[in-house]
Every structure is written in structure tokens, then in C-alpha cells.
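Shown next: work02.csv, given as CSV, C-alpha atoms.
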```
chain,number,residue,atom,x,y,z
A,25,MET,CA,14.0,9.0,22.8
A,26,THR,CA,15.4,12.5,23.5
A,27,SER,CA,17.2,14.6,20.9
A,28,HIS,CA,20.5,13.8,22.6
A,29,ALA,CA,19.8,10.0,22.5
A,30,GLU,CA,18.9,10.3,18.8
A,31,SER,CA,22.2,12.0,18.1
A,32,GLN,CA,24.0,9.3,19.9
A,33,LEU,CA,22.3,6.6,17.9
A,34,LEU,CA,23.2,8.5,14.7
A,35,ASN,CA,26.8,8.7,15.9
A,36,SER,CA,26.8,4.9,16.6
A,37,ILE,CA,25.7,4.3,13.0
A,38,ARG,CA,28.3,6.5,11.6
A,39,ARG,CA,31.0,4.9,13.7
A,40,ALA,CA,29.9,1.4,12.5
A,41,ALA,CA,29.9,2.7,8.9
A,42,ASP,CA,33.5,4.0,9.3
A,43,GLY,CA,34.7,0.5,10.1
A,44,HIS,CA,36.1,-2.0,7.6
A,45,CYS,CA,33.6,-1.5,4.8
A,46,ALA,CA,34.3,-2.5,1.2
A,47,SER,CA,33.1,-0.1,-1.4
A,48,GLN,CA,32.5,0.1,-5.1
A,49,CYS,CA,31.0,2.9,-7.3
A,50,PHE,CA,28.9,2.9,-10.4
A,51,HIS,CA,27.7,5.9,-12.5
A,52,VAL,CA,24.4,6.8,-14.0
A,53,GLU,CA,24.0,10.0,-16.0
A,54,GLY,CA,26.4,12.1,-14.0
A,55,LEU,CA,25.5,10.5,-10.6
A,56,GLU,CA,28.2,8.5,-8.8
A,57,VAL,CA,26.7,6.0,-6.4
A,58,GLU,CA,29.1,4.6,-3.8
A,59,LEU,CA,28.0,1.2,-2.4
A,60,ARG,CA,29.5,0.4,1.0
A,61,ALA,CA,29.1,-2.8,3.0
A,62,VAL,CA,31.1,-5.0,5.3
A,63,ASP,CA,30.4,-8.0,3.0
A,64,PRO,CA,31.7,-7.4,-0.6
A,65,ALA,CA,29.4,-10.1,-1.9
A,66,SER,CA,26.4,-8.0,-1.1
A,67,ILE,CA,27.8,-5.2,-3.2
A,68,ARG,CA,28.4,-7.5,-6.1
A,69,TRP,CA,24.8,-8.7,-5.7
A,70,VAL,CA,23.4,-5.2,-5.8
A,71,LEU,CA,25.4,-4.3,-8.9
A,72,LYS,CA,23.9,-7.4,-10.6
A,73,SER,CA,20.4,-6.4,-9.6
A,74,MET,CA,21.1,-2.8,-10.9
A,75,GLU,CA,21.8,-4.1,-14.5
A,76,PRO,CA,21.7,-2.6,-17.0
A,77,LEU,CA,22.3,0.8,-15.4
A,78,SER,CA,25.4,-0.6,-13.5
A,79,LEU,CA,27.0,-1.3,-16.9
A,80,ILE,CA,27.2,2.4,-17.8
A,81,THR,CA,30.8,3.6,-18.3
A,82,ALA,CA,31.8,6.4,-16.0
A,83,ARG,CA,31.6,9.9,-17.4
A,84,ASP,CA,31.6,13.4,-16.0
A,85,THR,CA,30.2,13.3,-12.4
A,86,HIS,CA,28.3,16.3,-11.0
A,87,ALA,CA,26.5,14.5,-8.1
A,88,THR,CA,27.5,11.9,-5.6
A,89,TYR,CA,25.6,9.8,-3.1
A,90,SER,CA,26.6,6.9,-0.9
A,91,VAL,CA,24.5,3.9,0.3
A,92,THR,CA,25.9,2.1,3.3
A,93,TYR,CA,24.6,-1.4,4.3
A,94,LEU,CA,25.1,-2.5,7.9
A,95,TYR,CA,23.9,-5.4,10.1
A,96,SER,CA,23.2,-4.7,13.8
A,97,ASP,CA,20.5,-6.2,15.9
A,98,GLU,CA,21.4,-3.8,18.7
A,99,ILE,CA,21.1,-0.6,16.7
A,100,VAL,CA,17.8,-1.7,15.1
A,101,ARG,CA,16.4,-2.8,18.4
A,102,GLU,CA,17.3,0.4,20.1
A,103,ALA,CA,15.7,2.5,17.4
A,104,ILE,CA,12.5,0.4,17.4
A,105,GLU,CA,12.2,0.5,21.2
A,106,ASN,CA,13.0,4.1,21.8
A,107,LEU,CA,11.9,6.1,18.9
A,108,ASN,CA,8.5,6.8,20.4
A,109,ASP,CA,7.9,10.5,20.2
A,110,ILE,CA,7.9,10.6,16.4
A,111,ASP,CA,5.8,10.9,13.3
A,112,LEU,CA,4.0,8.0,11.7
A,113,VAL,CA,4.0,7.5,8.0
A,114,HIS,CA,1.1,5.3,6.7
A,115,ILE,CA,2.0,2.9,3.9
A,116,ARG,CA,0.0,0.1,2.3
A,117,ARG,CA,2.1,-2.9,1.2
A,118,HIS,CA,0.8,-6.2,-0.2
A,119,GLY,CA,-2.8,-5.2,0.8
A,120,GLN,CA,-1.9,-4.5,4.4
A,121,ASP,CA,-1.7,-1.3,6.4
A,122,ARG,CA,1.8,-0.5,7.7
A,123,TYR,CA,3.4,2.3,9.6
A,124,VAL,CA,7.0,3.6,9.2
A,125,ARG,CA,8.1,5.7,12.2
A,126,LEU,CA,10.5,8.7,11.7
A,127,SER,CA,12.5,11.0,13.8
A,128,ARG,CA,14.7,14.0,13.1
A,129,PRO,CA,17.9,14.2,15.2
A,130,SER,CA,18.9,17.3,13.3
A,131,ALA,CA,17.8,19.6,10.5
A,132,SER,CA,19.8,17.5,8.0
A,133,SER,CA,19.1,14.0,9.2
A,134,VAL,CA,16.1,11.7,9.3
A,135,LEU,CA,15.7,8.3,10.9
A,136,TYR,CA,13.1,5.9,9.7
A,137,THR,CA,12.2,2.5,11.3
A,138,ASP,CA,10.0,-0.3,10.1
A,139,PRO,CA,9.3,-2.5,13.1
A,140,ASP,CA,7.6,-5.2,11.0
A,141,GLU,CA,10.7,-5.7,8.9
A,142,GLY,CA,13.3,-4.9,11.5
A,143,VAL,CA,14.9,-2.3,9.4
A,144,LEU,CA,16.3,1.2,10.1
A,145,TRP,CA,17.1,3.8,7.4
A,146,VAL,CA,19.0,7.0,8.0
A,147,SER,CA,19.0,9.8,5.5
A,148,ASP,CA,22.0,12.2,6.0
A,149,LEU,CA,21.0,15.1,3.8
A,150,ALA,CA,24.1,17.2,4.6
A,151,ASN,CA,26.5,14.5,3.4
A,152,ASN,CA,24.4,12.9,0.6
A,153,SER,CA,24.4,9.6,2.4
A,154,VAL,CA,21.9,6.9,3.2
A,155,TYR,CA,22.5,4.2,5.8
A,156,LEU,CA,20.5,0.9,5.8
A,157,ILE,CA,20.7,-1.1,9.0
A,158,VAL,CA,19.1,-4.6,8.9
A,159,SER,CA,18.7,-7.1,11.6
A,160,SER,CA,18.0,-10.8,12.1
A,161,ARG,CA,14.3,-10.0,11.7
A,162,THR,CA,14.8,-8.7,8.2
A,163,LYS,CA,13.5,-11.2,5.7
A,164,HIS,CA,15.5,-10.2,2.6
A,165,PRO,CA,18.3,-7.9,3.6
A,166,ALA,CA,20.2,-8.0,0.3
A,167,MET,CA,17.0,-7.1,-1.6
A,168,ALA,CA,16.5,-4.2,0.8
A,169,PHE,CA,20.0,-3.0,-0.1
A,170,ALA,CA,19.2,-3.3,-3.8
A,171,SER,CA,15.8,-1.6,-3.5
A,172,LEU,CA,17.2,1.4,-1.6
A,173,THR,CA,19.9,1.8,-4.3
A,174,ARG,CA,17.3,1.6,-7.0
A,175,GLU,CA,15.2,4.2,-5.1
A,176,LEU,CA,18.2,6.6,-5.1
A,177,VAL,CA,18.8,6.3,-8.8
A,178,THR,CA,15.2,6.7,-9.7
A,179,ARG,CA,14.9,9.9,-7.6
A,180,TYR,CA,18.0,11.3,-9.3
A,181,LEU,CA,16.7,10.5,-12.8
A,182,ALA,CA,13.4,12.1,-12.0
A,183,GLN,CA,15.2,15.3,-10.9
A,184,GLU,CA,17.1,15.2,-14.2
A,185,GLY,CA,13.9,15.1,-16.3
A,186,TRP,CA,13.5,11.4,-17.1
A,187,THR,CA,10.1,9.9,-17.2
A,188,LEU,CA,9.0,6.2,-17.0
A,189,PHE,CA,7.1,4.0,-19.4
A,190,HIS,CA,5.7,0.5,-19.1
A,191,ALA,CA,7.8,-0.7,-22.1
A,192,GLY,CA,10.8,-2.7,-23.1
A,193,ALA,CA,13.7,-1.9,-25.5
A,194,VAL,CA,16.5,-3.4,-27.5
A,195,ASP,CA,19.5,-1.7,-29.0
A,196,THR,CA,20.3,-2.3,-32.7
A,197,PRO,CA,23.0,-1.0,-35.0
A,198,GLY,CA,20.4,1.5,-36.3
A,199,GLY,CA,19.3,2.7,-32.9
A,200,ALA,CA,17.2,1.6,-30.0
A,201,LEU,CA,13.7,0.2,-30.5
A,202,MET,CA,11.1,0.9,-27.8
A,203,VAL,CA,8.7,-2.1,-27.4
A,204,VAL,CA,5.3,-1.0,-25.9
A,205,GLY,CA,2.4,-3.2,-25.0
A,206,ASN,CA,0.1,-4.3,-22.2
A,207,GLY,CA,0.7,-7.5,-20.3
A,208,GLY,CA,0.2,-10.5,-22.6
A,209,ALA,CA,0.7,-8.5,-25.8
A,210,GLY,CA,3.9,-10.4,-26.6
A,211,LYS,CA,6.6,-7.9,-25.5
A,212,THR,CA,8.9,-10.4,-23.9
A,213,SER,CA,8.6,-12.9,-26.7
A,214,LEU,CA,9.4,-10.2,-29.3
A,215,LEU,CA,12.3,-8.8,-27.3
A,216,MET,CA,13.9,-12.3,-27.0
A,217,ALA,CA,13.4,-12.8,-30.7
A,218,PHE,CA,15.3,-9.6,-31.3
A,219,LEU,CA,18.1,-10.8,-29.0
A,220,CYS,CA,18.3,-14.1,-30.9
A,221,ALA,CA,18.8,-11.9,-34.1
A,222,GLY,CA,21.8,-10.1,-32.5
A,223,ALA,CA,20.2,-7.1,-30.7
A,224,ARG,CA,21.3,-6.0,-27.3
A,225,PHE,CA,18.9,-6.1,-24.3
A,226,VAL,CA,18.0,-2.8,-22.7
A,227,ALA,CA,14.7,-3.4,-20.8
A,228,ASN,CA,11.7,-5.7,-20.6
A,229,GLU,CA,9.2,-4.1,-18.3
A,230,LEU,CA,10.0,-0.5,-17.4
A,231,LEU,CA,11.9,2.2,-19.3
A,232,TYR,CA,13.2,5.7,-18.6
A,233,VAL,CA,12.9,8.1,-21.5
A,234,ARG,CA,14.1,11.7,-21.8
A,235,GLN,CA,14.2,14.4,-24.5
A,236,GLY,CA,17.9,15.4,-25.1
A,237,ASP,CA,19.6,17.8,-27.4
A,238,ASP,CA,20.3,15.1,-29.9
A,239,GLY,CA,16.8,13.4,-29.8
A,240,LEU,CA,15.0,11.0,-27.5
A,241,ARG,CA,17.1,8.7,-25.3
A,242,LEU,CA,16.2,5.8,-23.1
A,243,LEU,CA,17.6,3.9,-20.2
A,244,GLY,CA,16.6,0.4,-19.0
A,245,PHE,CA,15.0,0.2,-15.5
A,246,PRO,CA,17.0,-2.1,-13.3
A,247,MET,CA,15.0,-5.2,-12.5
A,248,PRO,CA,15.1,-8.9,-13.4
A,249,ILE,CA,13.3,-10.2,-16.5
A,250,ALA,CA,10.2,-12.1,-15.5
A,251,VAL,CA,9.7,-14.7,-18.3
A,252,GLY,CA,6.3,-16.6,-18.4
A,253,LEU,CA,6.7,-20.3,-18.8
A,254,GLY,CA,4.8,-20.3,-22.0
A,255,THR,CA,7.3,-17.8,-23.4
A,256,ALA,CA,10.2,-19.7,-22.0
A,257,LEU,CA,9.1,-22.9,-23.8
A,258,GLN,CA,9.6,-21.0,-27.1
A,259,PHE,CA,13.4,-20.7,-26.4
A,260,PRO,CA,15.2,-24.0,-25.6
A,261,PRO,CA,17.9,-22.4,-23.3
A,262,LEU,CA,15.2,-20.9,-21.1
A,263,ALA,CA,13.0,-24.0,-21.3
A,264,GLU,CA,15.9,-26.0,-19.8
A,265,ARG,CA,16.0,-23.7,-16.8
A,266,ILE,CA,12.3,-24.2,-15.9
A,267,ASP,CA,12.9,-27.3,-13.8
A,268,SER,CA,16.5,-26.4,-12.8
A,269,PRO,CA,16.3,-22.7,-11.8
A,270,GLY,CA,19.1,-23.2,-9.3
A,271,GLU,CA,21.6,-22.4,-12.1
A,272,LEU,CA,20.3,-18.8,-12.2
A,273,GLU,CA,21.6,-16.1,-10.0
A,274,TYR,CA,18.6,-14.1,-9.0
A,275,PRO,CA,16.2,-15.4,-6.2
A,276,ARG,CA,13.4,-17.3,-7.9
A,277,ASN,CA,10.6,-16.1,-5.6
A,278,ARG,CA,8.2,-16.0,-8.6
A,279,LEU,CA,8.8,-19.6,-9.5
A,280,LYS,CA,7.2,-22.3,-7.3
A,281,LEU,CA,9.3,-25.3,-8.5
A,282,SER,CA,7.1,-27.8,-6.6
A,283,ARG,CA,4.0,-26.6,-8.5
A,284,VAL,CA,5.8,-26.6,-11.8
A,285,VAL,CA,7.3,-30.2,-11.6
A,286,ASN,CA,3.9,-31.5,-10.5
A,287,THR,CA,2.1,-30.0,-13.5
A,288,PRO,CA,2.2,-31.7,-16.9
A,289,GLN,CA,4.5,-29.9,-19.3
A,290,SER,CA,1.7,-29.4,-21.7
A,291,GLU,CA,0.0,-27.2,-19.1
A,292,TRP,CA,3.1,-25.1,-18.1
A,293,LYS,CA,2.1,-22.3,-20.4
A,294,ASP,CA,-1.0,-21.8,-18.4
A,295,LEU,CA,0.8,-21.4,-15.1
A,296,GLU,CA,1.4,-17.9,-13.7
A,297,ASP,CA,4.8,-18.9,-12.4
A,298,LYS,CA,7.7,-17.0,-14.0
A,299,LEU,CA,11.5,-17.4,-14.3
A,300,GLN,CA,13.5,-14.4,-13.1
A,301,VAL,CA,16.6,-13.8,-15.1
A,302,LEU,CA,19.1,-11.0,-15.0
A,303,PRO,CA,19.9,-9.1,-18.2
A,304,SER,CA,23.4,-10.5,-18.5
A,305,GLU,CA,22.1,-14.1,-17.9
A,306,LEU,CA,19.4,-13.7,-20.6
A,307,SER,CA,21.8,-12.4,-23.1
A,308,LYS,CA,24.3,-15.2,-22.5
A,309,LEU,CA,21.6,-17.9,-22.6
A,310,LEU,CA,20.2,-16.7,-25.9
A,311,GLY,CA,23.7,-16.1,-27.4
A,312,ALA,CA,23.1,-12.4,-27.7
A,313,PRO,CA,25.6,-9.6,-27.3
A,314,PRO,CA,26.0,-8.1,-23.8
A,315,PRO,CA,23.1,-5.9,-22.5
A,316,ALA,CA,23.2,-2.1,-23.3
A,317,PRO,CA,22.3,0.4,-20.6
A,318,GLY,CA,20.3,2.5,-23.1
A,319,GLY,CA,20.5,4.3,-26.5
A,320,SER,CA,18.9,6.8,-28.8
A,321,ILE,CA,15.4,5.9,-29.9
A,322,CYS,CA,14.9,5.1,-33.6
A,323,GLY,CA,11.5,3.6,-33.5
A,324,VAL,CA,8.5,2.3,-31.5
A,325,VAL,CA,7.2,-1.2,-31.9
A,326,VAL,CA,3.8,-2.5,-30.7
A,327,PRO,CA,3.5,-6.3,-30.6
A,328,MET,CA,0.1,-7.7,-31.3
A,329,VAL,CA,-0.5,-11.4,-30.5
A,330,GLY,CA,-3.7,-12.9,-32.0
A,331,ARG,CA,-5.7,-15.8,-30.6
A,332,GLU,CA,-4.9,-18.0,-33.6
A,333,PRO,CA,-1.4,-18.9,-34.9
A,334,ALA,CA,-0.4,-16.9,-37.9
A,335,LEU,CA,2.7,-15.9,-39.8
A,336,PRO,CA,4.4,-12.7,-38.4
A,337,THR,CA,3.3,-9.5,-40.3
A,338,VAL,CA,4.4,-5.9,-40.0
A,339,GLU,CA,1.7,-3.1,-39.9
A,340,HIS,CA,2.4,0.7,-39.7
A,341,LEU,CA,0.3,2.4,-37.1
A,342,SER,CA,-1.0,5.9,-37.3
A,343,THR,CA,0.4,8.7,-35.2
A,344,GLU,CA,-2.9,8.9,-33.2
A,345,ALA,CA,-2.8,5.1,-32.5
A,346,VAL,CA,0.8,5.2,-31.3
A,347,SER,CA,0.1,8.3,-29.2
A,348,LYS,CA,-2.8,6.6,-27.5
A,349,ILE,CA,-0.8,3.5,-26.8
A,350,LEU,CA,2.1,5.5,-25.3
A,351,SER,CA,-0.3,7.6,-23.1
A,352,ASN,CA,-1.8,4.4,-21.7
A,353,ASN,CA,1.6,3.0,-20.9
A,354,HIS,CA,3.1,6.2,-19.4
A,355,ILE,CA,3.8,5.9,-15.7
A,356,GLY,CA,5.8,9.0,-15.0
A,357,LEU,CA,7.9,9.9,-12.0
A,358,THR,CA,5.9,12.9,-10.8
A,359,GLN,CA,5.8,11.7,-7.2
A,360,ASP,CA,9.6,11.1,-7.2
A,361,SER,CA,9.3,7.6,-6.1
A,362,ARG,CA,7.4,4.4,-6.7
A,363,TYR,CA,8.8,2.8,-3.6
A,364,ARG,CA,9.2,5.2,-0.6
A,365,PRO,CA,7.7,8.6,-1.4
A,366,TRP,CA,8.2,9.5,2.2
A,367,MET,CA,12.0,9.1,2.0
A,368,GLU,CA,13.9,12.4,2.0
A,369,LEU,CA,16.9,12.6,-0.3
A,370,ASN,CA,18.9,15.6,-1.3
A,371,PHE,CA,18.2,15.8,-5.0
A,372,GLY,CA,16.3,19.1,-5.2
A,373,PRO,CA,13.0,19.6,-6.9
A,374,GLY,CA,11.0,16.9,-8.8
A,375,PRO,CA,11.0,16.4,-12.6
A,376,THR,CA,11.0,19.5,-14.7
A,377,GLN,CA,10.0,17.9,-18.0
A,378,ARG,CA,6.4,17.1,-18.9
A,379,HIS,CA,5.8,13.8,-20.6
A,380,GLY,CA,3.4,15.2,-23.2
A,381,PRO,CA,6.2,16.4,-25.6
A,382,ILE,CA,7.9,13.1,-25.2
A,383,ILE,CA,4.8,11.2,-26.3
A,384,ALA,CA,4.4,13.5,-29.2
A,385,ARG,CA,7.9,13.0,-30.4
A,386,LEU,CA,7.7,9.2,-30.0
A,387,SER,CA,4.4,9.2,-32.0
A,388,GLU,CA,5.9,10.9,-35.0
```
Please express the file's structure as C-alpha cells.
Amino acid sequence: MTSHAESQLLNSIRRAADGHCASQCFHVEGLEVELRAVDPASIRWVLKSMEPLSLITARDTHATYSVTYLYSDEIVREAIENLNDIDLVHIRRHGQDRYVRLSRPSASSVLYTDPDEGVLWVSDLANNSVYLIVSSRTKHPAMAFASLTRELVTRYLAQEGWTLFHAGAVDTPGGALMVVGNGGAGKTSLLMAFLCAGARFVANELLYVRQGDDGLRLLGFPMPIAVGLGTALQFPPLAERIDSPGELEYPRNRLKLSRVVNTPQSEWKDLEDKLQVLPSELSKLLGAPPPAPGGSICGVVVPMVGREPALPTVEHLSTEAVSKILSNNHIGLTQDSRYRPWMELNFGPGPTQRHGPIIARLSE
């Protein structure tokens, strides 16, 4: 495809985006994200998938970005067939080698195509806009819309100095508690026990943390809560959803209902299947207050689940022990993105804050 043809394709995308698109904004730490799509239902779905960040009340805005979601077999087909004289970006997804093809119609725009998924992304750096064009070949178009929006927010938070931990959190009247532990340590069970006691959900699996002028702050990473069946059986409102997940809003691609119903209930706890629940759903099911986007950290909790049943006990860990646990659970955002490190966005340099001081403060 010639440079002229690439520009024509880009103009076609912009004209399609200028059509009758619904729009809605949400705000994250000074960033205003405008979601645009022909179908308003897809915007509502993305906002749900972005909980708890999409629950943040709008404050001062010093950066704006838009994400436009379009459907066009014609535009995607034209891009896949004609973007030949381009660079290839090697990625590995689900154990398979894949290639994303990119082209640069101008100094401020980049086109990316994924022929396997039938998807075209356009990054308009001059106007702080991203266009996502899906086709009939795209397996999960709404999830692609949500994933790209999550990518945008993560890049922005990285540029603002936030770092990422494998941890959960709840917000209490005394401040936010960060719950740190490896898989199977009991994070989810402890978090839900906190919710039943009146705490507000912040995160279950991943957590943004940043040092601020008034102490350490955290934000919940937007993703559904994956609840193991053994954990769900401890909480009746969730146990009732195991064999009737259709009442939940998020796609249940981690729960194979046929396998569950054909397995004796006494063996459910040993299945790897998990319920996927949105933060607002989980809070409502457990009778907890609405989720909180984040809070100021007042403590770090490390759950320890023993092999034998025992009464709960509380043990204070040393600074060295907490520091080691936090270091092992630190993920960081040093490569800007856990999803598409090759995607160019106009957010300036990467994170400026090292995670070492954060871990030291959390360990105190």
C-alpha cells in the first residue's frame, strides 16, 4: 500500500468515527478517557470492565485521550490485504508465535493490523486518539475494546509514577489495607471476609501503588475477580452462582459449567474452574458497601493458610519479612505495558519513580 493509499485508509477511519457515535467519559488521576462507539451498550460494558477505576469522581483534568470502537469488514480487509510493505512485530500469545503488522502513514500516526484476529488499531499521536476497528473475524470484539482502554490507562499511570503489585486491597474507615500473597495463600477468601465485615472492595489480584505527598496511595487494577470454587463454597451467595452463572454480567470463560455440574459437589473445591465476578457484583452479593477505586494505605496484610484447619490468628511480621514478600510480588510497569509494548501512545517517558522506596515505606 502506498503512502497515499495509507492516508486514504486513515481518512476513511476518521470519517467513520465522525459518524453517529455515542460517547461517555471517565476520569483516572487527571486523565480524561472518552469512549466512543456506535453501540452505547459496548461503552457501558467497557465501563463495567474498568471497575473500580471507572468509579472515580471527576477531578482536575490535565490529559485527555479518546478510544473509538468501530466495526467494518471492509476497512479491516483492506488493511490486511494491502499493508504489505511494513514492519513486523513479533509477539507470543498463548504459547504461539504471532505477528502484528504496522505502517506509518504520517509522522504522527501508526496503523497496526492483526490478521489472525481480524483487528486494526490506529494510533493518532497528534490528536491523542486511538481507533479500534474490528470485523466479523474478531472473536471477542467488546473485550478488545476493554483491553485497549485498560492499556491506555495503564500507560498513563506508569508515566505518572505508579507501580504494580500482585496484591489485593480493601478500604476501611481507618484506611486501605493491602493484601499481599502468592496464589493459594488465601487472599481472595480474606478479602471477601473483610467485605462481609463492612469493608469496601478495591482489588483482588493486581494493585497500582504510588508515593504521594500525603503518604502511599493505591488504586485497584481493573479486572474481574476470579473466585475459585473452593472459596466460593465458603460464601453462600457465591456458592449459589456456581451452577447458575448466567445471572452474572461478565463472560464466564473461566467456568466450564458442563464440567462443574458433572462433578460431585464434594469435589468442586479441587476444580481449577473459577467464577468471574465484577467488583460491583461481588459487593452486592456479599452485602458490602460499593467498591472503592483506591485509598491511602494504612497497613499490609499477608494471609497464611495452613494445611490443617485452625482458628484464625494474627501475627506481626518483621520489616525484613514484609520487604521480602513485597519484593517477590512486585510487577512494575517499567516496560510501559503488560499487553502491547509495541503500541505507541502519546504519554511521554516511562515511569520516573523507582519501586524500591515504595517497598521500603510499605515495610515500615
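Each of A:Asp42, A:Thr173, A:Ser213, A:Gly192 was checked against Phe259 (chain A) using all atoms listed in the file; the smallest atom-to-atom distance is that of A:Ser213.
One finds CA of Ser133 (chain A) at 8.8 Å from CA of Leu34 (chain A).
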For Leu156 (chain A), the nearest of the candidates A:Asn106, A:Ser96, A:Ser132, A:Asn353, counting only C-alpha atoms: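 Nearest candidate to Leu156 (chain A) out of A:Asn106, A:Ser96, A:Ser132, A:Asn353: A:Ser96.
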Quick check, in Å to one decimal: how far apart do CA of Leu272 (chain A) and CA of Ser307 (chain A) lie?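 For CA of Leu272 (chain A) relative to CA of Ser307 (chain A), the distance reads 12.7 Å.
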Excluding Trp186 (chain A) and any residue of its chain fewer than 6 positions from it, enumerate the residues within 7 Å of it, using all atoms listed in the file, and give them as a PDB file with C-alpha atoms, in the frame of the given file.
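Written out: out-v9.pdb:
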```pdb
ATOM      1  CA  TYR A 232      13.200   5.700 -18.600  1.00  0.00           C
ATOM      2  CA  VAL A 233      12.900   8.100 -21.500  1.00  0.00           C
ATOM      3  CA  ARG A 234      14.100  11.700 -21.800  1.00  0.00           C
TER       4      ARG A 234
END
```
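Comparing A:Ser387, A:Leu230, A:Glu291, A:Val194 by their smallest distance to Pro314 (chain A), the closest is A:Val194 (using all atoms listed in the file).
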Could you jot down the CA of Trp145 (chain A) to CA of Lys72 (chain A) separation for me, Å, one decimal place? 22.3 Å
List as a ChimeraX atom specification the protein and nucleic acid residues near region 61-71 of chain A, meaning an atom at most 12 Å away when all atoms listed in the file are counted, but skip any in the same chain fewer than 5 places from it. /A:40-51,76-80,90-96,155-158,164-174,246-248,273-275,302-304
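With all atoms listed in the file taken into account, the protein and nucleic acid residues at most 6 Å from Lys298 (chain A) (excluding it and anything under 2 positions from it in its own chain) are Ala250, Val251, Gly252, Leu253, Arg278 and Leu279 of chain A.
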Quick one: residues within 12 Å of Leu231 (chain A), only C-alpha atoms, excluding same-chain residues fewer than 5 positions away - as a PyMOL selection string? chain A and resi 76-77+178+181+186-194+200-204+225-226+241-247+317-319+321+350+353-357
List the neighbours of Asp84 (chain A) out to 12 Å using all atoms listed in the file; skip same-chain residues closer than 5 positions along the sequence, and give me the result as a list of chain:residue names.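 With the cut-off at 12 Å, the set is A:His51, A:Val52, A:Glu53, A:Gly54, A:Leu55, A:Glu56.
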Write the residues you've just listed into a file as a compact mmCIF listing (two decimals), in the coordinates of the input, and include C-alpha atoms for each of them.
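Wrote it out as part_26.txt, contents follow:
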```txt
# COMPACT_ATOMS: atom_id res chain seq x y z
CA HIS A 51 27.70 5.90 -12.50
CA VAL A 52 24.40 6.80 -14.00
CA GLU A 53 24.00 10.00 -16.00
CA GLY A 54 26.40 12.10 -14.00
CA LEU A 55 25.50 10.50 -10.60
CA GLU A 56 28.20 8.50 -8.80
```
Just checking: using only C-alpha atoms, which residue out of A:Thr196, A:Gln120, A:Ser351, A:Asn152 ends up closest to Ala312 (chain A)?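 The answer is A:Thr196, which sits nearest to Ala312 (chain A).
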Counting all atoms listed in the file, figure out which residue out of A:Ile249, A:Cys322, A:Leu310, A:Ala87 gets nearest to Leu262 (chain A). A:Leu310
With distances taken over all atoms listed in the file, the candidate from A:Ile99, A:Met74, A:Val325, A:Val57 nearest Asn35 (chain A) is A:Ile99
When you get a chance, write out all heavy atoms for region 134-140 of chain A, as a CSV table (one decimal), in the frame of the given file.
```csv
chain,number,residue,atom,x,y,z
A,134,VAL,N,17.4,12.3,9.0
A,134,VAL,CA,16.1,11.7,9.3
A,134,VAL,C,16.3,10.2,9.5
A,134,VAL,O,17.0,9.6,8.8
A,134,VAL,CB,15.1,11.9,8.2
A,134,VAL,CG1,13.7,11.5,8.6
A,134,VAL,CG2,15.0,13.4,7.7
A,135,LEU,N,15.7,9.7,10.6
A,135,LEU,CA,15.7,8.3,10.9
A,135,LEU,C,14.4,7.7,10.7
A,135,LEU,O,13.4,8.2,11.1
A,135,LEU,CB,16.1,8.0,12.4
A,135,LEU,CG,17.6,8.1,12.8
A,135,LEU,CD1,18.2,9.5,12.6
A,135,LEU,CD2,17.8,7.6,14.2
A,136,TYR,N,14.3,6.6,9.9
A,136,TYR,CA,13.1,5.9,9.7
A,136,TYR,C,13.2,4.4,10.2
A,136,TYR,O,14.3,3.8,10.0
A,136,TYR,CB,12.8,5.8,8.2
A,136,TYR,CG,12.8,7.1,7.4
A,136,TYR,CD1,14.0,7.7,7.0
A,136,TYR,CD2,11.6,7.8,7.2
A,136,TYR,CE1,14.0,8.9,6.3
A,136,TYR,CE2,11.6,9.0,6.5
A,136,TYR,CZ,12.8,9.5,6.1
A,136,TYR,OH,12.8,10.7,5.4
A,137,THR,N,12.2,3.9,10.9
A,137,THR,CA,12.2,2.5,11.3
A,137,THR,C,11.0,1.8,10.8
A,137,THR,O,9.9,2.4,10.8
A,137,THR,CB,12.3,2.4,12.8
A,137,THR,OG1,11.2,3.1,13.4
A,137,THR,CG2,13.6,3.1,13.4
A,138,ASP,N,11.1,0.6,10.4
A,138,ASP,CA,10.0,-0.3,10.1
A,138,ASP,C,10.0,-1.5,11.0
A,138,ASP,O,10.8,-2.4,10.8
A,138,ASP,CB,10.2,-0.7,8.6
A,138,ASP,CG,9.0,-1.5,8.1
A,138,ASP,OD1,8.2,-2.1,9.0
A,138,ASP,OD2,8.7,-1.6,6.9
A,139,PRO,N,9.3,-1.4,12.1
A,139,PRO,CA,9.3,-2.5,13.1
A,139,PRO,C,9.0,-3.8,12.6
A,139,PRO,O,9.5,-4.8,13.0
A,139,PRO,CB,8.3,-2.0,14.2
A,139,PRO,CG,8.2,-0.5,14.0
A,139,PRO,CD,8.3,-0.3,12.5
A,140,ASP,N,8.0,-3.9,11.6
A,140,ASP,CA,7.6,-5.2,11.0
A,140,ASP,C,8.8,-5.9,10.3
A,140,ASP,O,8.9,-7.1,10.4
A,140,ASP,CB,6.5,-5.0,10.1
A,140,ASP,CG,5.2,-4.6,10.8
A,140,ASP,OD1,5.1,-4.9,12.0
A,140,ASP,OD2,4.3,-4.0,10.2
```
